[in-house]
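Shown next, in structure tokens, is the structure this report addresses.
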Amino acid sequence: MASRTERILIIDADNQARADLSRYLEARGFYVTGQAALGPTDQLGDDNSPDVIFADLPPETIEELSRQLAESERFIPIVACTSSESSTDVIRALRAGASDVVLKPSNDDKGALDDVIDKLFDRVRVNRLNQLYRQELEDTNRELRSGITELRADQNAGRKVQMKMLPDNDFQISGLQIDHMIKPSLYLSGDFLDYFPIGEDKVLVYIADVSGHGASSAFVTVLLKNLTNRLQRNLRRQSSDDILHPDRFLERINAELLDTGLGKHVTVFVGIISIKERTLSYGVGAHFPMPILSFEDGETQFLEGSGLPVGLFESPEWDIYTVSLDRPFRLLLFSDGILEVIPAKSLDEKEKTLLELVSGGSHTIASLSDALGLDRTAELPDDIAIVSVTDSVQGSTNTSST
């Protein structure tokens with residue numbers, strides 16, 4: 001008979017009985033070893049441990065052996081070999097932990113012995129598969145935990161990079177105070193914002209929301225920061241003044257995104273505040289909700305305007321809108337994540353609630369955050385970005401135009 005991979009250990013002080021059973025099992029193709037006494041049980045846990053043990057041992061010894069095998073988490077069934085035909089002895093052996101019982105001499109009833117062997121090795125094969133599956137699952141879980149740990153480390157590093165790219169809080173220039181807040185829904189944010197002086201009397205402020213979430217969207221925020229740095233450098237070198245024009249600024253972002261081939265688009269609001277002329281010129285790249293402009297006398301409204309998203313079309317055009325800032329004002333810019341935390345059913349109701357909060361006094365980032373409970377929300381449904389521009393300088397009166 002062809003050799004099998006299963007190992008059988010025979011423990012029997014009767015040399016003749018042990019030899020007879022060994023010959024029969026070897027003839028069946030099993031790998032058989034035998035010993036007269038139990039011996040050290042720690043050897044049963046190594047790679048050469050038996051799959052089945054045939055043992056002529058007292059019930060108390062079988063019970064101790066079963067306990068030690070269970071502690072080693074190895075499934076090795078024990079077949080009790082006995083010369084006693086007493087049902088009491090058979091029950092004691094089974095209660096002690098034996099999987100089955102065979103009567104000695106076992107060669108007298110080979111059919112019964114074969115039935116025991118077939119039944120046991122069916123269980124052994126099932127147990128082997130279970131052990132294999134469990135080991136594979138443990139290996140997979142270990143790799144998954146390692147991968148998650150590495151991913152978290154990478155995302156934490158990416159988040160630190162993103163935070164470093166943001167402008168300073170409480171930025172002040174010529175009577176304007178600009179502040180911001182970003183709350184990512186994940187480690188990395190697809191929202192981005194920036195503000196900085198351009199020329200002698202202008203300040204550019206923009207807010208952008210990249211489509212999607214996670215690392216790929218965060219990469220686009222790096223692209224935006226890099227682009228604005230280059231455009232500022234071009235202005236200083238007098239090689240290009242694109243950054244002075246909201247529509248051309250959007251065109252440059254559009255071209256950069258299309259060149260990357262990432263399949264990402266961005267909604268953007270970009271505004272340029274002229275401190276000398278007391279005006280806000282802006283372009284809208286499908287950004288929603290529109291910023292809220294609030295004047296000191298209580299007039300509060302959403303800015304008007306519309307435009308195509310950035311990064312989807314080859315040759316889009318954007319309009320430039322201009323409003324007068326002839327009175328001290330506050331300007332609040334939001335990403336659309338702000339609407340997700342407002343408990344209203346429709347978008348119109350959400351916008352109305354947001355406008356009421358601002359006109360009712362929640363016109364700073366801190367007060368608005370408190371009113372919406374942003375710090376009390378453990379998991380945000382979307383990234384949230386806010387920029388506030390506060391002016392305390394009374395300027396000359398200019399008429400509004402579009």
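Going by the structure tokens order, chains are called A, B, ..., each with residues numbered from 1, while ligands are numbered from 1 in the order shown.
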
Residue neighbourhood A:Glu356, 12 Å, only C-alpha atoms, exclusion window fewer than 5 positions, as a ChimeraX atom specification: /A:292,294,298-302,342,349-351,361-363,368,371

Selection to disk with C-alpha atoms, as a CSV table (one decimal), in the first residue's frame:
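Output below, filename selection-v4.csv:
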chain,number,residue,atom,x,y,z
A,292,ILE,CA,-21.1,85.2,3.3
A,294,SER,CA,-21.5,90.8,6.4
A,298,GLY,CA,-26.0,94.4,9.9
A,299,GLU,CA,-26.4,93.8,6.2
A,300,THR,CA,-25.5,90.1,5.6
A,301,GLN,CA,-25.8,88.1,2.4
A,302,PHE,CA,-24.3,85.3,0.3
A,342,ILE,CA,-26.4,71.6,9.8
A,349,GLU,CA,-32.8,75.3,4.6
A,350,LYS,CA,-29.2,74.6,5.3
A,351,GLU,CA,-28.1,77.8,3.6
A,361,GLY,CA,-23.6,87.0,15.7
A,362,SER,CA,-21.8,83.7,14.8
A,363,HIS,CA,-19.4,85.6,12.6
A,368,LEU,CA,-19.6,79.4,14.4
A,371,ALA,CA,-22.9,77.0,17.4

Using the chain letters and numbers from this document, which residues of stretch 158-300 of chain A does DSSP assign to strand (DSSP E or B), as a count of residues only? 50

Just the residues within 12 Å of A:Asp12, please, counting only C-alpha atoms, with nothing from its chain fewer than 2 positions along; format it as number ranges by chain. A: 9-10, 14-22, 33-39, 53-58, 79-83, 104-105

Can you tell me, as a PyMOL selection string, what residues are no more than 9 Å from stretch 311-324 of chain A when counting only C-alpha atoms, ignoring any on the same chain fewer than 5 positions away? chain A and resi 245-248+250-251+253-258+263-267+277-285+303-306+397-402

Go through stretch 246-342 of chain A and collect every residue that DSSP, computed from the backbone, puts in alpha helix (DSSP H); the answer should be as a compact mmCIF listing (two decimals) with N, CA and C atoms, in the first residue's frame.
# COMPACT_ATOMS: atom_id res chain seq x y z
N PRO A 246 -8.48 86.74 -10.87
CA PRO A 246 -9.15 85.51 -10.42
C PRO A 246 -9.43 84.51 -11.54
N ASP A 247 -9.86 85.01 -12.71
CA ASP A 247 -10.18 84.09 -13.80
C ASP A 247 -8.92 83.38 -14.31
N ARG A 248 -7.81 84.10 -14.43
CA ARG A 248 -6.58 83.48 -14.91
C ARG A 248 -5.99 82.55 -13.84
N PHE A 249 -6.21 82.88 -12.59
CA PHE A 249 -5.79 81.99 -11.50
C PHE A 249 -6.52 80.64 -11.62
N LEU A 250 -7.82 80.68 -11.88
CA LEU A 250 -8.59 79.45 -12.06
C LEU A 250 -8.14 78.69 -13.30
N GLU A 251 -7.81 79.42 -14.36
CA GLU A 251 -7.33 78.78 -15.58
C GLU A 251 -6.02 78.02 -15.34
N ARG A 252 -5.15 78.59 -14.54
CA ARG A 252 -3.87 77.93 -14.25
C ARG A 252 -4.08 76.65 -13.43
N ILE A 253 -4.99 76.72 -12.46
CA ILE A 253 -5.30 75.51 -11.69
C ILE A 253 -5.90 74.45 -12.60
N ASN A 254 -6.78 74.86 -13.49
CA ASN A 254 -7.43 73.94 -14.42
C ASN A 254 -6.39 73.22 -15.27
N ALA A 255 -5.44 73.98 -15.81
CA ALA A 255 -4.40 73.38 -16.66
C ALA A 255 -3.53 72.40 -15.88
N GLU A 256 -3.18 72.78 -14.66
CA GLU A 256 -2.34 71.90 -13.83
C GLU A 256 -3.05 70.57 -13.54
N LEU A 257 -4.32 70.65 -13.20
CA LEU A 257 -5.07 69.43 -12.87
C LEU A 257 -5.21 68.52 -14.08
N LEU A 258 -5.50 69.09 -15.23
CA LEU A 258 -5.62 68.27 -16.43
C LEU A 258 -4.29 67.60 -16.77
N ASP A 259 -3.19 68.29 -16.54
CA ASP A 259 -1.87 67.72 -16.84
C ASP A 259 -1.53 66.54 -15.94
N THR A 260 -2.03 66.55 -14.72
CA THR A 260 -1.69 65.45 -13.80
C THR A 260 -2.34 64.14 -14.21
N GLY A 337 -18.56 70.93 3.38
CA GLY A 337 -18.71 70.08 4.55
C GLY A 337 -19.47 70.76 5.67
N ILE A 338 -19.49 72.11 5.67
CA ILE A 338 -20.20 72.84 6.71
C ILE A 338 -21.70 72.56 6.65
N LEU A 339 -22.20 72.31 5.44
CA LEU A 339 -23.63 72.05 5.29
C LEU A 339 -24.02 70.68 5.83
N GLU A 340 -23.06 69.75 5.85
CA GLU A 340 -23.35 68.38 6.31
C GLU A 340 -23.66 68.33 7.80

Please, what distance in Å, to one decimal, runs between atom CA of A:Val270 and atom CA of A:Val205?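 Between these atoms lies a distance of 5.9 Å.
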
Which of A:Val124, A:Leu188, A:Leu193, A:Ile91 sits closest to A:Leu166 [using only C-alpha atoms]: A:Leu193

Which residues are close to A:Asp201, i.e. within 7 Å by only C-alpha atoms, leaving aside same-chain residues fewer than 6 positions away? Reply as a PyMOL selection string. chain A and resi 274-276

Nearest to A:Val220: which of A:Phe171, A:Tyr133, A:Phe192, A:Tyr31 is it, counting only C-alpha atoms?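 For A:Val220, the nearest of the given residues is A:Phe192.
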
Top pick for closest residue to A:Ile76, considering A:Ile365, A:Leu25, A:Leu374, A:Ala98 and counting only C-alpha atoms: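 Of all the options, A:Ala98 lies closest to A:Ile76.
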
Residues within 12 Å of A:Phe196, only C-alpha atoms, excluding chain neighbours under 2 positions, as a PyMOL selection string: chain A and resi 166-169+171-173+176-179+193-194+198-206+225+228-229+231-232+243-244+270-273+389

Generate the output file for the selected residues, C-alpha atoms, as a PDB file, in the first residue's frame.
ATOM      1  CA  LEU A 166      -1.530  76.222   5.674  1.00  0.00           C
ATOM      2  CA  PRO A 167      -1.044  79.941   6.269  1.00  0.00           C
ATOM      3  CA  ASP A 168      -0.599  81.446   9.708  1.00  0.00           C
ATOM      4  CA  ASN A 169      -3.637  81.980  11.878  1.00  0.00           C
ATOM      5  CA  PHE A 171      -2.793  86.916   9.751  1.00  0.00           C
ATOM      6  CA  GLN A 172      -2.982  90.727   9.777  1.00  0.00           C
ATOM      7  CA  ILE A 173      -2.319  93.227   7.037  1.00  0.00           C
ATOM      8  CA  LEU A 176      -7.479  93.026   7.724  1.00  0.00           C
ATOM      9  CA  GLN A 177      -7.379  90.079  10.091  1.00  0.00           C
ATOM     10  CA  ILE A 178      -7.604  86.643   8.448  1.00  0.00           C
ATOM     11  CA  ASP A 179      -8.069  83.361  10.255  1.00  0.00           C
ATOM     12  CA  LEU A 193      -7.237  77.204   1.747  1.00  0.00           C
ATOM     13  CA  ASP A 194      -4.652  79.923   1.585  1.00  0.00           C
ATOM     14  CA  ILE A 198       0.036  90.194  -3.619  1.00  0.00           C
ATOM     15  CA  GLY A 199       1.364  93.438  -4.978  1.00  0.00           C
ATOM     16  CA  GLU A 200       1.390  96.479  -2.766  1.00  0.00           C
ATOM     17  CA  ASP A 201      -2.200  96.698  -1.567  1.00  0.00           C
ATOM     18  CA  LYS A 202      -3.930  93.434  -2.415  1.00  0.00           C
ATOM     19  CA  VAL A 203      -4.629  90.222  -0.523  1.00  0.00           C
ATOM     20  CA  LEU A 204      -5.615  86.989  -2.232  1.00  0.00           C
ATOM     21  CA  VAL A 205      -7.771  84.485  -0.365  1.00  0.00           C
ATOM     22  CA  TYR A 206      -9.102  81.219  -1.722  1.00  0.00           C
ATOM     23  CA  LYS A 225       0.174  75.155  -2.786  1.00  0.00           C
ATOM     24  CA  THR A 228       0.327  79.537  -5.817  1.00  0.00           C
ATOM     25  CA  ASN A 229       3.976  79.698  -4.742  1.00  0.00           C
ATOM     26  CA  LEU A 231       2.526  82.340  -9.355  1.00  0.00           C
ATOM     27  CA  GLN A 232       3.696  84.595  -6.524  1.00  0.00           C
ATOM     28  CA  ILE A 243      -2.233  85.724  -9.835  1.00  0.00           C
ATOM     29  CA  LEU A 244      -3.673  89.260  -9.929  1.00  0.00           C
ATOM     30  CA  VAL A 270     -10.835  82.852  -5.168  1.00  0.00           C
ATOM     31  CA  GLY A 271     -11.098  86.483  -4.101  1.00  0.00           C
ATOM     32  CA  ILE A 272      -8.722  89.427  -4.305  1.00  0.00           C
ATOM     33  CA  ILE A 273      -9.276  92.237  -1.820  1.00  0.00           C
ATOM     34  CA  VAL A 389     -11.648  87.920   6.861  1.00  0.00           C
TER      35      VAL A 389
END

With only C-alpha atoms as the basis for distance, which of A:Lys352, A:Lys164, A:Arg159, A:Arg28 is at the shortest distance from A:Lys110? A:Arg28
